[in-house]
>>> print(open('structure_17.txt').read())   # compact mmCIF, C-alpha atoms
# COMPACT_ATOMS: atom_id res chain seq x y z
CA MET A 73 4.85 -16.00 -37.38
CA SER A 74 1.76 -17.26 -39.11
CA GLY A 75 -0.78 -19.15 -37.04
CA THR A 76 -1.26 -22.88 -37.46
CA LEU A 77 -4.55 -24.58 -36.76
CA LEU A 78 -3.96 -27.66 -34.62
CA ALA A 79 -7.63 -28.53 -34.30
CA PRO A 80 -10.58 -28.05 -36.64
CA SER A 81 -13.13 -25.33 -36.20
CA ALA A 82 -16.25 -26.19 -34.26
CA THR A 83 -19.59 -24.51 -33.67
CA SER A 84 -21.45 -24.40 -30.35
CA PHE A 85 -24.40 -22.25 -29.26
CA GLY A 86 -23.98 -20.03 -32.29
CA VAL A 87 -20.22 -19.63 -31.75
CA LYS A 88 -17.51 -20.66 -34.20
CA ILE A 89 -14.42 -21.87 -32.33
CA ASP A 90 -10.90 -22.15 -33.75
CA GLN A 91 -8.71 -23.99 -31.27
CA GLY A 92 -4.99 -24.39 -30.90
CA ILE A 93 -3.71 -21.64 -33.20
CA VAL A 94 0.03 -21.28 -32.58
CA PHE A 95 1.02 -17.66 -32.04
CA ALA A 96 4.57 -18.12 -30.71
CA GLU A 97 7.19 -20.73 -29.91
CA ARG A 98 9.69 -20.64 -27.09
CA GLU A 99 12.90 -22.65 -27.40
CA GLY A 100 12.76 -25.47 -24.88
CA PHE A 101 9.04 -24.98 -24.19
CA ARG A 102 5.73 -26.02 -25.66
CA ALA A 103 4.19 -23.94 -28.41
CA LEU A 104 1.98 -21.11 -27.23
CA GLU A 105 -1.56 -21.24 -28.59
CA VAL A 106 -4.70 -19.17 -28.73
CA ASP A 107 -8.35 -20.20 -29.08
CA VAL A 108 -10.65 -17.86 -30.97
CA TYR A 109 -14.41 -17.62 -30.49
CA ARG A 110 -16.43 -15.82 -33.16
CA PRO A 111 -20.13 -15.05 -33.47
CA ASP A 112 -21.44 -17.55 -36.02
CA GLY A 113 -22.70 -15.83 -39.14
CA ALA A 114 -21.75 -12.95 -41.40
CA ALA A 115 -20.85 -9.64 -39.79
CA ARG A 116 -21.96 -6.31 -41.24
CA THR A 117 -19.01 -4.57 -39.64
CA PRO A 118 -15.82 -5.93 -38.02
CA HIS A 119 -16.18 -7.18 -34.46
CA PRO A 120 -14.14 -5.69 -31.61
CA LEU A 121 -11.61 -8.01 -30.00
CA LEU A 122 -11.78 -9.19 -26.40
CA VAL A 123 -8.66 -10.90 -25.06
CA TYR A 124 -9.45 -13.25 -22.15
CA VAL A 125 -6.56 -14.06 -19.79
CA HIS A 126 -7.34 -17.09 -17.64
CA GLY A 127 -6.46 -17.53 -13.98
CA GLY A 128 -4.97 -20.45 -12.06
CA GLY A 129 -2.25 -18.86 -9.95
CA TRP A 130 0.08 -18.61 -12.98
CA ARG A 131 0.62 -22.31 -12.32
CA GLN A 132 -2.34 -24.30 -13.66
CA SER A 133 -5.67 -24.23 -15.54
CA HIS A 134 -6.15 -23.72 -19.27
CA ARG A 135 -7.15 -20.99 -21.70
CA GLY A 136 -10.24 -22.99 -22.72
CA ARG A 137 -11.62 -23.17 -19.17
CA PRO A 138 -14.09 -20.40 -18.39
CA PRO A 139 -14.03 -18.83 -14.93
CA ARG A 140 -14.93 -21.36 -12.24
CA GLU A 141 -18.10 -19.56 -11.18
CA THR A 142 -19.49 -19.62 -14.74
CA ARG A 143 -18.93 -23.24 -15.72
CA GLU A 144 -22.51 -24.35 -15.17
CA TRP A 145 -24.02 -21.49 -17.18
CA THR A 146 -26.04 -22.11 -20.33
CA PRO A 147 -25.21 -20.31 -22.50
CA GLY A 148 -21.71 -20.23 -21.15
CA PHE A 149 -19.10 -17.55 -20.56
CA PHE A 150 -17.60 -17.48 -24.04
CA GLU A 151 -21.02 -17.66 -25.69
CA ARG A 152 -22.18 -14.63 -23.71
CA LEU A 153 -19.16 -12.64 -24.84
CA THR A 154 -19.69 -13.42 -28.50
CA ALA A 155 -23.41 -12.70 -28.11
CA ALA A 156 -22.40 -9.24 -26.89
CA GLY A 157 -20.64 -8.70 -30.22
CA PHE A 158 -17.02 -9.61 -29.47
CA VAL A 159 -14.56 -11.92 -31.12
CA VAL A 160 -12.82 -13.51 -28.14
CA ALA A 161 -9.18 -14.63 -28.12
CA ALA A 162 -7.96 -16.76 -25.20
CA PRO A 163 -4.16 -17.20 -25.23
CA SER A 164 -2.00 -19.60 -23.29
CA TYR A 165 1.09 -18.51 -21.39
CA ARG A 166 3.92 -20.26 -19.61
CA PHE A 167 3.25 -21.29 -16.03
CA SER A 168 5.55 -20.55 -13.11
CA GLY A 169 6.62 -24.21 -13.05
CA GLU A 170 8.04 -23.65 -16.54
CA ALA A 171 9.47 -20.14 -16.24
CA ILE A 172 9.28 -17.32 -13.71
CA PHE A 173 8.12 -13.77 -14.34
CA PRO A 174 8.30 -11.93 -16.74
CA ALA A 175 7.73 -14.97 -19.00
CA GLN A 176 3.97 -14.85 -18.42
CA LEU A 177 3.73 -11.17 -19.33
CA ASP A 178 6.00 -11.63 -22.34
CA ASP A 179 3.69 -14.35 -23.64
CA VAL A 180 0.50 -12.32 -23.26
CA VAL A 181 2.13 -9.27 -24.86
CA ASP A 182 3.25 -11.43 -27.79
CA ALA A 183 -0.26 -12.83 -28.12
CA LEU A 184 -1.66 -9.32 -28.27
CA ARG A 185 0.92 -8.28 -30.86
CA TRP A 186 0.15 -11.35 -32.97
CA LEU A 187 -3.56 -10.59 -32.82
CA HIS A 188 -2.94 -6.96 -33.78
CA ASP A 189 -0.94 -8.07 -36.80
CA GLY A 190 -4.20 -8.98 -38.52
CA GLN A 191 -3.94 -12.73 -38.03
CA LEU A 192 -7.67 -13.04 -37.32
CA GLY A 193 -8.86 -11.54 -40.59
CA ALA A 194 -10.84 -8.55 -41.75
CA ASP A 195 -13.87 -9.33 -39.59
CA VAL A 196 -11.95 -8.30 -36.44
CA ASP A 197 -11.26 -4.66 -35.57
CA THR A 198 -8.15 -4.79 -33.40
CA GLY A 199 -8.36 -1.02 -33.03
CA ARG A 200 -11.15 -1.80 -30.56
CA THR A 201 -9.37 -4.28 -28.30
CA VAL A 202 -10.30 -4.82 -24.66
CA VAL A 203 -8.87 -7.23 -22.11
CA TRP A 204 -10.44 -9.22 -19.28
CA GLY A 205 -8.46 -11.19 -16.73
CA LEU A 206 -9.55 -12.98 -13.60
CA SER A 207 -7.44 -13.72 -10.52
CA ALA A 208 -3.90 -14.46 -11.78
CA GLY A 209 -5.08 -13.50 -15.25
CA GLY A 210 -6.22 -10.16 -13.91
CA LEU A 211 -2.69 -9.24 -12.91
CA LEU A 212 -1.48 -10.09 -16.43
CA ALA A 213 -4.40 -8.24 -18.01
CA ALA A 214 -3.52 -5.12 -16.02
CA LEU A 215 0.17 -5.40 -16.88
CA VAL A 216 -0.38 -5.88 -20.60
CA THR A 217 -2.77 -2.91 -20.60
CA LEU A 218 -0.20 -0.74 -18.82
CA HIS A 219 2.72 -2.01 -20.92
CA PRO A 220 4.51 0.97 -22.50
CA ASP A 221 5.35 -0.89 -25.73
CA GLY A 222 2.31 -3.12 -26.03
CA PRO A 223 -0.45 -2.78 -28.64
CA PRO A 224 -3.16 -0.28 -27.68
CA VAL A 225 -6.02 -1.45 -25.46
CA ALA A 226 -9.30 0.44 -25.07
CA GLY A 227 -10.06 -0.84 -21.57
CA VAL A 228 -9.63 -3.69 -19.12
CA VAL A 229 -11.53 -5.62 -16.46
CA CYS A 230 -9.58 -7.19 -13.59
CA SER A 231 -11.55 -9.53 -11.34
CA TYR A 232 -10.34 -10.44 -7.81
CA SER A 233 -6.70 -9.90 -8.80
CA ILE A 234 -3.39 -9.27 -7.08
CA THR A 235 -2.03 -5.84 -7.99
CA ASP A 236 0.75 -5.21 -5.43
CA LEU A 237 2.98 -8.14 -4.52
CA LEU A 238 5.00 -6.03 -2.09
CA ALA A 239 1.93 -5.71 0.14
CA LEU A 240 1.70 -9.50 0.53
CA ASP A 241 3.60 -11.91 2.79
CA ARG A 242 7.27 -11.50 1.92
CA ASP A 243 8.56 -14.59 3.73
CA ARG A 244 6.48 -17.51 2.45
CA ALA A 245 7.92 -19.66 -0.31
CA ASP A 246 4.82 -21.75 -1.01
CA THR A 247 2.40 -19.14 -2.39
CA PHE A 248 1.40 -18.67 -6.01
CA GLU A 249 3.04 -15.26 -6.07
CA ALA A 250 6.27 -16.66 -4.60
CA HIS A 251 6.34 -19.29 -7.34
CA LEU A 252 5.78 -16.51 -9.88
CA VAL A 253 8.96 -14.64 -8.90
CA GLY A 254 11.07 -17.68 -8.03
CA GLY A 255 10.93 -17.65 -4.25
CA PRO A 256 9.83 -15.54 -1.28
CA ILE A 257 8.87 -12.03 -2.31
CA GLY A 258 11.35 -10.60 0.20
CA ASP A 259 14.19 -12.32 -1.65
CA HIS A 260 13.01 -11.10 -5.04
CA LEU A 261 11.86 -7.54 -4.46
CA ASP A 262 12.80 -6.25 -7.91
CA LEU A 263 10.84 -8.97 -9.69
CA ALA A 264 7.92 -8.59 -7.29
CA ARG A 265 7.86 -4.86 -7.97
CA ALA A 266 8.01 -5.45 -11.74
CA ALA A 267 5.16 -7.95 -11.49
CA SER A 268 2.91 -5.48 -9.65
CA PRO A 269 0.50 -3.42 -11.78
CA VAL A 270 0.58 -0.59 -9.23
CA THR A 271 4.21 -0.01 -10.22
CA HIS A 272 3.35 0.63 -13.86
CA VAL A 273 0.38 3.00 -13.60
CA HIS A 274 0.66 6.03 -15.89
CA ALA A 275 -1.62 8.88 -16.86
CA GLY A 276 -2.19 7.63 -20.40
CA ALA A 277 -3.70 4.31 -19.34
CA PRO A 278 -7.19 3.34 -20.59
CA PRO A 279 -10.22 2.87 -18.31
CA PHE A 280 -10.21 0.09 -15.73
CA LEU A 281 -12.99 -1.84 -14.02
CA LEU A 282 -11.84 -3.62 -10.87
CA GLN A 283 -14.19 -6.15 -9.25
CA HIS A 284 -13.45 -7.80 -5.91
CA GLY A 285 -15.31 -9.48 -3.09
CA ASP A 286 -14.90 -7.87 0.32
CA ALA A 287 -14.66 -11.32 1.94
CA ASP A 288 -11.98 -12.70 -0.40
CA THR A 289 -9.81 -15.17 1.55
CA TRP A 290 -7.43 -15.82 -1.36
CA VAL A 291 -6.58 -12.31 -2.53
CA PRO A 292 -7.17 -9.44 -0.07
CA CYS A 293 -9.78 -7.00 -1.32
CA ASP A 294 -7.42 -4.11 -0.65
CA GLN A 295 -5.35 -5.30 -3.62
CA SER A 296 -7.97 -3.88 -5.99
CA GLN A 297 -8.31 -0.78 -3.82
CA ARG A 298 -4.56 -0.17 -4.10
CA LEU A 299 -4.66 -0.20 -7.89
CA ALA A 300 -7.81 1.93 -7.98
CA ASP A 301 -6.16 4.54 -5.73
CA ARG A 302 -3.03 4.63 -7.89
CA LEU A 303 -5.04 4.99 -11.11
CA ARG A 304 -7.19 7.78 -9.67
CA ALA A 305 -4.12 9.63 -8.48
CA VAL A 306 -2.94 10.09 -12.08
CA GLY A 307 -6.40 10.71 -13.55
CA VAL A 308 -7.07 7.34 -15.16
CA PRO A 309 -10.81 6.51 -15.31
CA VAL A 310 -11.44 3.61 -12.95
CA GLU A 311 -14.52 1.92 -11.56
CA LEU A 312 -14.11 -0.14 -8.40
CA GLU A 313 -16.88 -2.61 -7.58
CA ILE A 314 -16.62 -4.13 -4.12
CA VAL A 315 -19.00 -7.10 -3.87
CA PRO A 316 -20.45 -7.51 -0.35
CA GLY A 317 -19.93 -10.92 1.25
CA ALA A 318 -18.12 -12.39 -1.76
CA ASP A 319 -15.07 -14.61 -1.47
CA HIS A 320 -12.71 -15.45 -4.33
CA PHE A 321 -14.54 -16.46 -7.52
CA PHE A 322 -17.32 -14.25 -6.15
CA ALA A 323 -18.46 -17.17 -4.01
CA GLY A 324 -21.27 -16.03 -1.74
CA ALA A 325 -22.28 -13.09 -3.91
CA ALA A 326 -26.01 -12.49 -4.16
CA ASP A 327 -26.00 -12.41 -7.98
CA ILE A 328 -22.84 -13.52 -9.78
CA GLU A 329 -24.41 -13.20 -13.22
CA ALA A 330 -25.15 -9.54 -12.54
CA ILE A 331 -21.46 -8.97 -11.71
CA TYR A 332 -20.51 -10.43 -15.07
CA ASP A 333 -23.20 -8.46 -16.85
CA ARG A 334 -21.70 -5.25 -15.46
CA ALA A 335 -18.25 -6.25 -16.70
CA ILE A 336 -19.58 -7.06 -20.18
CA ASP A 337 -21.46 -3.75 -20.23
CA PHE A 338 -18.29 -1.88 -19.24
CA LEU A 339 -16.27 -3.46 -22.05
CA SER A 340 -19.10 -2.99 -24.53
CA ARG A 341 -19.31 0.74 -23.76
CA LEU A 342 -15.60 1.07 -24.59
CA ALA A 343 -15.39 -1.20 -27.62
CA LEU A 344 -18.85 -1.15 -29.23
CA ALA A 345 -19.70 2.56 -29.01
>>> encode(input="structure_17.txt", output="structure tokens")
Amino acid sequence: MSGTLLAPSATSFGVKIDQGIVFAEREGFRALEVDVYRPDGAARTPHPLLVYVHGGGWRQSHRGRPPRETREWTPGFFERLTAAGFVVAAPSYRFSGEAIFPAQLDDVVDALRWLHDGQLGADVDTGRTVVWGLSAGGLLAALVTLHPDGPPVAGVVCSYSITDLLALDRDRADTFEAHLVGGPIGDHLDLARAASPVTHVHAGAPPFLLQHGDADTWVPCDQSQRLADRLRAVGVPVELEIVPGADHFFAGAADIEAIYDRAIDFLSRLALA
């Protein structure tokens, strides 16, 4: 379907922002929207596309909220991405209080398909699409990248993300991942397996960068190690960055901006070469 602008364009720190573009509708649910951030000014060549998948435990937050650890930055997270040469698309998706998995993946895949249909115009080269997801968004970013029928992706960054639900507590009903699959993981093993990126690794996958703090108290660091091991086993290029002393959101890291700079450099090498 064609996108509909629900809010006017705005400009901030040299970034043109189109907010609330409807990319899909789900019967019985709110419309699904995407915000688009573009470098302000004429482009000599089309910009590569970076799809940002926000976190929040698949249960809260908003596509327009940058990662928690970046919210005091000036220029901010989205401005740094456009300054690196990307057009950034940040889609919404249904939360687990609205629908359980695979609704969240379906929504992100549909957003990617809509973007690849040329909805953003000639100044965006969707043939050079990369994805970045953090925390809950990292799981979705990995899944959409590994999706066998999804639009092609040149590479992905997953930051402090769950990758293997079956390695987590199978009895608790009050965790974010339990809400995602509709109850304790042990009662929903098939859905938990389907929601785990490690299950979907294949040899044709694009390069991955996995970043995780070794002191993460929310998502065990071995979750990123598990995905890295599975990717390496089938020959997929993967970089694993373990951040010493860092908790979730990279809290306690010596230099959080440097971690983000490495992620932007990784995506730039894939999409801007």
>>> closest_residue(input="structure_17.txt", among="A:Val202, A:Ile89, A:Leu344, A:Val229", to="Glu151 of chain A", atoms="all atoms listed in the file")
A:Ile89
>>> atom_distance(input="structure_17.txt", atom1="atom CA of Ala266 of chain A", atom2="atom CA of His251 of chain A")
14.6 Å
>>> closest_atom_pairs(input="structure_17.txt", of="segment 147-213 of chain A", to="segment 102-119 of chain A", cutoff="6 Å", atoms="only C-alpha atoms", output="JSON lines")
{"residue": "A:Thr154", "atom": "CA", "partner": "A:Pro111", "partner_atom": "CA", "distance": 5.2}
{"residue": "A:Phe158", "atom": "CA", "partner": "A:His119", "partner_atom": "CA", "distance": 5.6}
{"residue": "A:Val159", "atom": "CA", "partner": "A:Arg110", "partner_atom": "CA", "distance": 4.8}
{"residue": "A:Val160", "atom": "CA", "partner": "A:Tyr109", "partner_atom": "CA", "distance": 5.0}
{"residue": "A:Ala161", "atom": "CA", "partner": "A:Val108", "partner_atom": "CA", "distance": 4.6}
{"residue": "A:Ala162", "atom": "CA", "partner": "A:Asp107", "partner_atom": "CA", "distance": 5.2}
{"residue": "A:Pro163", "atom": "CA", "partner": "A:Val106", "partner_atom": "CA", "distance": 4.1}
{"residue": "A:Ser164", "atom": "CA", "partner": "A:Glu105", "partner_atom": "CA", "distance": 5.6}
{"residue": "A:Asp195", "atom": "CA", "partner": "A:Pro118", "partner_atom": "CA", "distance": 4.2}
{"residue": "A:Val196", "atom": "CA", "partner": "A:His119", "partner_atom": "CA", "distance": 4.8}
{"residue": "A:Asp197", "atom": "CA", "partner": "A:Pro118", "partner_atom": "CA", "distance": 5.3}
>>> closest_residue(input="structure_17.txt", among="A:Val270, A:Val181, A:Ala323, A:Ile314", to="Val225 of chain A", atoms="all atoms listed in the file")
A:Val181
>>> closest_residue(input="structure_17.txt", among="A:Gly205, A:Gly86, A:Gly157, A:Gly307", to="His274 of chain A", atoms="only C-alpha atoms")
A:Gly307
>>> residues_around(input="structure_17.txt", residues="Leu237 of chain A", least_positions_apart="3", cutoff="6 Å", atoms="all atoms listed in the file", output="list in words")
Leu240, Ala264 and Ser268 of chain A
>>> atom_distance(input="structure_17.txt", atom1="atom CA of His284 of chain A", atom2="atom CA of Arg140 of chain A")
15.0 Å
>>> closest_residue(input="structure_17.txt", among="A:Asp178, A:Pro278, A:Thr235, A:His219", to="Pro309 of chain A", atoms="all atoms listed in the file")
A:Pro278
>>> atom_distance(input="structure_17.txt", atom1="atom CA of Gln132 of chain A", atom2="atom CA of Thr217 of chain A")
22.5 Å
>>> residues_around(input="structure_17.txt", residues="Thr247 of chain A", least_positions_apart="4", cutoff="12 Å", atoms="only C-alpha atoms", output="list in words")
Gly129, Trp130, Arg131, Ser168, Leu237, Leu240, Asp241, Arg242, Asp243, His251, Leu252, Val253, Gly254, Gly255, Pro256, Ile257, Trp290 and Val291 of chain A
>>> write_last_selection(input="structure_17.txt", atoms="C-alpha atoms", output="CSV table (one decimal), in the coordinates of the input")
chain,number,residue,atom,x,y,z
A,129,GLY,CA,-2.2,-18.9,-10.0
A,130,TRP,CA,0.1,-18.6,-13.0
A,131,ARG,CA,0.6,-22.3,-12.3
A,168,SER,CA,5.6,-20.6,-13.1
A,237,LEU,CA,3.0,-8.1,-4.5
A,240,LEU,CA,1.7,-9.5,0.5
A,241,ASP,CA,3.6,-11.9,2.8
A,242,ARG,CA,7.3,-11.5,1.9
A,243,ASP,CA,8.6,-14.6,3.7
A,251,HIS,CA,6.3,-19.3,-7.3
A,252,LEU,CA,5.8,-16.5,-9.9
A,253,VAL,CA,9.0,-14.6,-8.9
A,254,GLY,CA,11.1,-17.7,-8.0
A,255,GLY,CA,10.9,-17.6,-4.2
A,256,PRO,CA,9.8,-15.5,-1.3
A,257,ILE,CA,8.9,-12.0,-2.3
A,290,TRP,CA,-7.4,-15.8,-1.4
A,291,VAL,CA,-6.6,-12.3,-2.5
>>> residues_around(input="structure_17.txt", residues="Ser207 of chain A", least_positions_apart="5", cutoff="12 Å", atoms="all atoms listed in the file", output="number ranges by chain")
A: 124-131, 133, 139-140, 212-214, 229-235, 248-249, 282-285, 288, 290-293, 295-296, 319-322
>>> closest_atom_pairs(input="structure_17.txt", of="segment 125-216 of chain A", to="segment 93-101 of chain A", cutoff="10 Å", atoms="all atoms listed in the file", output="CSV")
residue,atom,partner,partner_atom,distance
A:Pro163,CA,A:Phe95,CA,8.6
A:Ser164,CA,A:Phe95,CA,9.5
A:Tyr165,CA,A:Ala96,CA,10.0
A:Arg166,CA,A:Phe101,CA,8.3
A:Glu170,CA,A:Phe101,CA,7.8
A:Ala171,CA,A:Phe101,CA,9.3
A:Asp179,CA,A:Ala96,CA,8.1
A:Asp182,CA,A:Ala96,CA,7.4
A:Ala183,CA,A:Phe95,CA,6.4
A:Leu184,CA,A:Phe95,CA,9.5
A:Arg185,CA,A:Phe95,CA,9.5
A:Trp186,CA,A:Phe95,CA,6.4
A:Leu187,CA,A:Phe95,CA,8.5
A:Gln191,CA,A:Phe95,CA,9.2
>>> residues_around(input="structure_17.txt", residues="Ala326 of chain A", least_positions_apart="2", cutoff="9 Å", atoms="all atoms listed in the file", output="PyMOL selection string")
chain A and resi 315-318+323-324+328+330
>>> closest_residue(input="structure_17.txt", among="A:Thr146, A:Gln297, A:Ser340, A:Thr271", to="Gly227 of chain A", atoms="only C-alpha atoms")
A:Ser340
>>> decode(input="structure_17.txt", residues="segment 158-186 of chain A", atoms="N, CA and C atoms", output="PDB file, in the first residue's frame")
ATOM      1  N   PHE A 158      23.670   7.608   5.569  1.00  0.00           N
ATOM      2  CA  PHE A 158      22.507   6.740   5.457  1.00  0.00           C
ATOM      3  C   PHE A 158      21.200   7.527   5.446  1.00  0.00           C
ATOM      4  N   VAL A 159      20.208   7.000   4.741  1.00  0.00           N
ATOM      5  CA  VAL A 159      18.813   7.299   5.036  1.00  0.00           C
ATOM      6  C   VAL A 159      18.365   6.242   6.035  1.00  0.00           C
ATOM      7  N   VAL A 160      17.752   6.687   7.136  1.00  0.00           N
ATOM      8  CA  VAL A 160      17.396   5.784   8.224  1.00  0.00           C
ATOM      9  C   VAL A 160      15.879   5.625   8.271  1.00  0.00           C
ATOM     10  N   ALA A 161      15.416   4.383   8.321  1.00  0.00           N
ATOM     11  CA  ALA A 161      13.995   4.087   8.477  1.00  0.00           C
ATOM     12  C   ALA A 161      13.799   3.348   9.794  1.00  0.00           C
ATOM     13  N   ALA A 162      12.899   3.866  10.635  1.00  0.00           N
ATOM     14  CA  ALA A 162      12.641   3.265  11.940  1.00  0.00           C
ATOM     15  C   ALA A 162      11.173   2.834  11.994  1.00  0.00           C
ATOM     16  N   PRO A 163      10.888   1.537  11.795  1.00  0.00           N
ATOM     17  CA  PRO A 163       9.504   1.078  11.777  1.00  0.00           C
ATOM     18  C   PRO A 163       8.969   0.720  13.161  1.00  0.00           C
ATOM     19  N   SER A 164       7.669   0.800  13.287  1.00  0.00           N
ATOM     20  CA  SER A 164       7.000   0.259  14.467  1.00  0.00           C
ATOM     21  C   SER A 164       6.671  -1.208  14.226  1.00  0.00           C
ATOM     22  N   TYR A 165       6.319  -1.890  15.303  1.00  0.00           N
ATOM     23  CA  TYR A 165       5.859  -3.277  15.198  1.00  0.00           C
ATOM     24  C   TYR A 165       4.954  -3.544  16.388  1.00  0.00           C
ATOM     25  N   ARG A 166       4.104  -4.546  16.259  1.00  0.00           N
ATOM     26  CA  ARG A 166       3.189  -4.864  17.350  1.00  0.00           C
ATOM     27  C   ARG A 166       3.949  -5.382  18.571  1.00  0.00           C
ATOM     28  N   PHE A 167       3.483  -4.966  19.747  1.00  0.00           N
ATOM     29  CA  PHE A 167       4.092  -5.421  20.986  1.00  0.00           C
ATOM     30  C   PHE A 167       3.438  -6.728  21.443  1.00  0.00           C
ATOM     31  N   SER A 168       4.115  -7.392  22.384  1.00  0.00           N
ATOM     32  CA  SER A 168       3.622  -8.690  22.834  1.00  0.00           C
ATOM     33  C   SER A 168       2.316  -8.588  23.600  1.00  0.00           C
ATOM     34  N   GLY A 169       1.968  -7.385  24.089  1.00  0.00           N
ATOM     35  CA  GLY A 169       0.664  -7.189  24.705  1.00  0.00           C
ATOM     36  C   GLY A 169      -0.452  -7.095  23.687  1.00  0.00           C
ATOM     37  N   GLU A 170      -0.085  -6.929  22.413  1.00  0.00           N
ATOM     38  CA  GLU A 170      -1.060  -6.871  21.323  1.00  0.00           C
ATOM     39  C   GLU A 170      -1.158  -8.193  20.582  1.00  0.00           C
ATOM     40  N   ALA A 171      -0.010  -8.811  20.345  1.00  0.00           N
ATOM     41  CA  ALA A 171       0.034 -10.072  19.597  1.00  0.00           C
ATOM     42  C   ALA A 171       1.350 -10.760  19.902  1.00  0.00           C
ATOM     43  N   ILE A 172       1.328 -12.083  19.979  1.00  0.00           N
ATOM     44  CA  ILE A 172       2.558 -12.811  20.270  1.00  0.00           C
ATOM     45  C   ILE A 172       3.323 -13.075  18.966  1.00  0.00           C
ATOM     46  N   PHE A 173       4.530 -13.575  19.118  1.00  0.00           N
ATOM     47  CA  PHE A 173       5.361 -13.940  17.983  1.00  0.00           C
ATOM     48  C   PHE A 173       4.627 -14.966  17.117  1.00  0.00           C
ATOM     49  N   PRO A 174       4.686 -14.862  15.777  1.00  0.00           N
ATOM     50  CA  PRO A 174       5.645 -14.082  14.975  1.00  0.00           C
ATOM     51  C   PRO A 174       5.161 -12.719  14.500  1.00  0.00           C
ATOM     52  N   ALA A 175       4.161 -12.124  15.171  1.00  0.00           N
ATOM     53  CA  ALA A 175       3.633 -10.841  14.710  1.00  0.00           C
ATOM     54  C   ALA A 175       4.729  -9.799  14.567  1.00  0.00           C
ATOM     55  N   GLN A 176       5.643  -9.741  15.529  1.00  0.00           N
ATOM     56  CA  GLN A 176       6.698  -8.732  15.509  1.00  0.00           C
ATOM     57  C   GLN A 176       7.603  -8.911  14.286  1.00  0.00           C
ATOM     58  N   LEU A 177       7.982 -10.139  14.001  1.00  0.00           N
ATOM     59  CA  LEU A 177       8.804 -10.404  12.828  1.00  0.00           C
ATOM     60  C   LEU A 177       8.034 -10.106  11.550  1.00  0.00           C
ATOM     61  N   ASP A 178       6.784 -10.516  11.487  1.00  0.00           N
ATOM     62  CA  ASP A 178       5.973 -10.235  10.302  1.00  0.00           C
ATOM     63  C   ASP A 178       5.945  -8.738  10.008  1.00  0.00           C
ATOM     64  N   ASP A 179       5.829  -7.926  11.052  1.00  0.00           N
ATOM     65  CA  ASP A 179       5.738  -6.483  10.862  1.00  0.00           C
ATOM     66  C   ASP A 179       7.038  -5.895  10.341  1.00  0.00           C
ATOM     67  N   VAL A 180       8.162  -6.349  10.873  1.00  0.00           N
ATOM     68  CA  VAL A 180       9.448  -5.820  10.422  1.00  0.00           C
ATOM     69  C   VAL A 180       9.749  -6.294   8.999  1.00  0.00           C
ATOM     70  N   VAL A 181       9.405  -7.530   8.683  1.00  0.00           N
ATOM     71  CA  VAL A 181       9.585  -8.010   7.312  1.00  0.00           C
ATOM     72  C   VAL A 181       8.734  -7.191   6.348  1.00  0.00           C
ATOM     73  N   ASP A 182       7.489  -6.910   6.728  1.00  0.00           N
ATOM     74  CA  ASP A 182       6.624  -6.095   5.860  1.00  0.00           C
ATOM     75  C   ASP A 182       7.172  -4.682   5.701  1.00  0.00           C
ATOM     76  N   ALA A 183       7.730  -4.138   6.769  1.00  0.00           N
ATOM     77  CA  ALA A 183       8.340  -2.807   6.656  1.00  0.00           C
ATOM     78  C   ALA A 183       9.485  -2.834   5.658  1.00  0.00           C
ATOM     79  N   LEU A 184      10.315  -3.864   5.739  1.00  0.00           N
ATOM     80  CA  LEU A 184      11.448  -3.969   4.824  1.00  0.00           C
ATOM     81  C   LEU A 184      10.962  -4.132   3.381  1.00  0.00           C
ATOM     82  N   ARG A 185       9.927  -4.930   3.183  1.00  0.00           N
ATOM     83  CA  ARG A 185       9.382  -5.102   1.836  1.00  0.00           C
ATOM     84  C   ARG A 185       8.826  -3.787   1.299  1.00  0.00           C
ATOM     85  N   TRP A 186       8.117  -3.061   2.146  1.00  0.00           N
ATOM     86  CA  TRP A 186       7.549  -1.771   1.745  1.00  0.00           C
ATOM     87  C   TRP A 186       8.660  -0.801   1.353  1.00  0.00           C
TER      88      TRP A 186
END
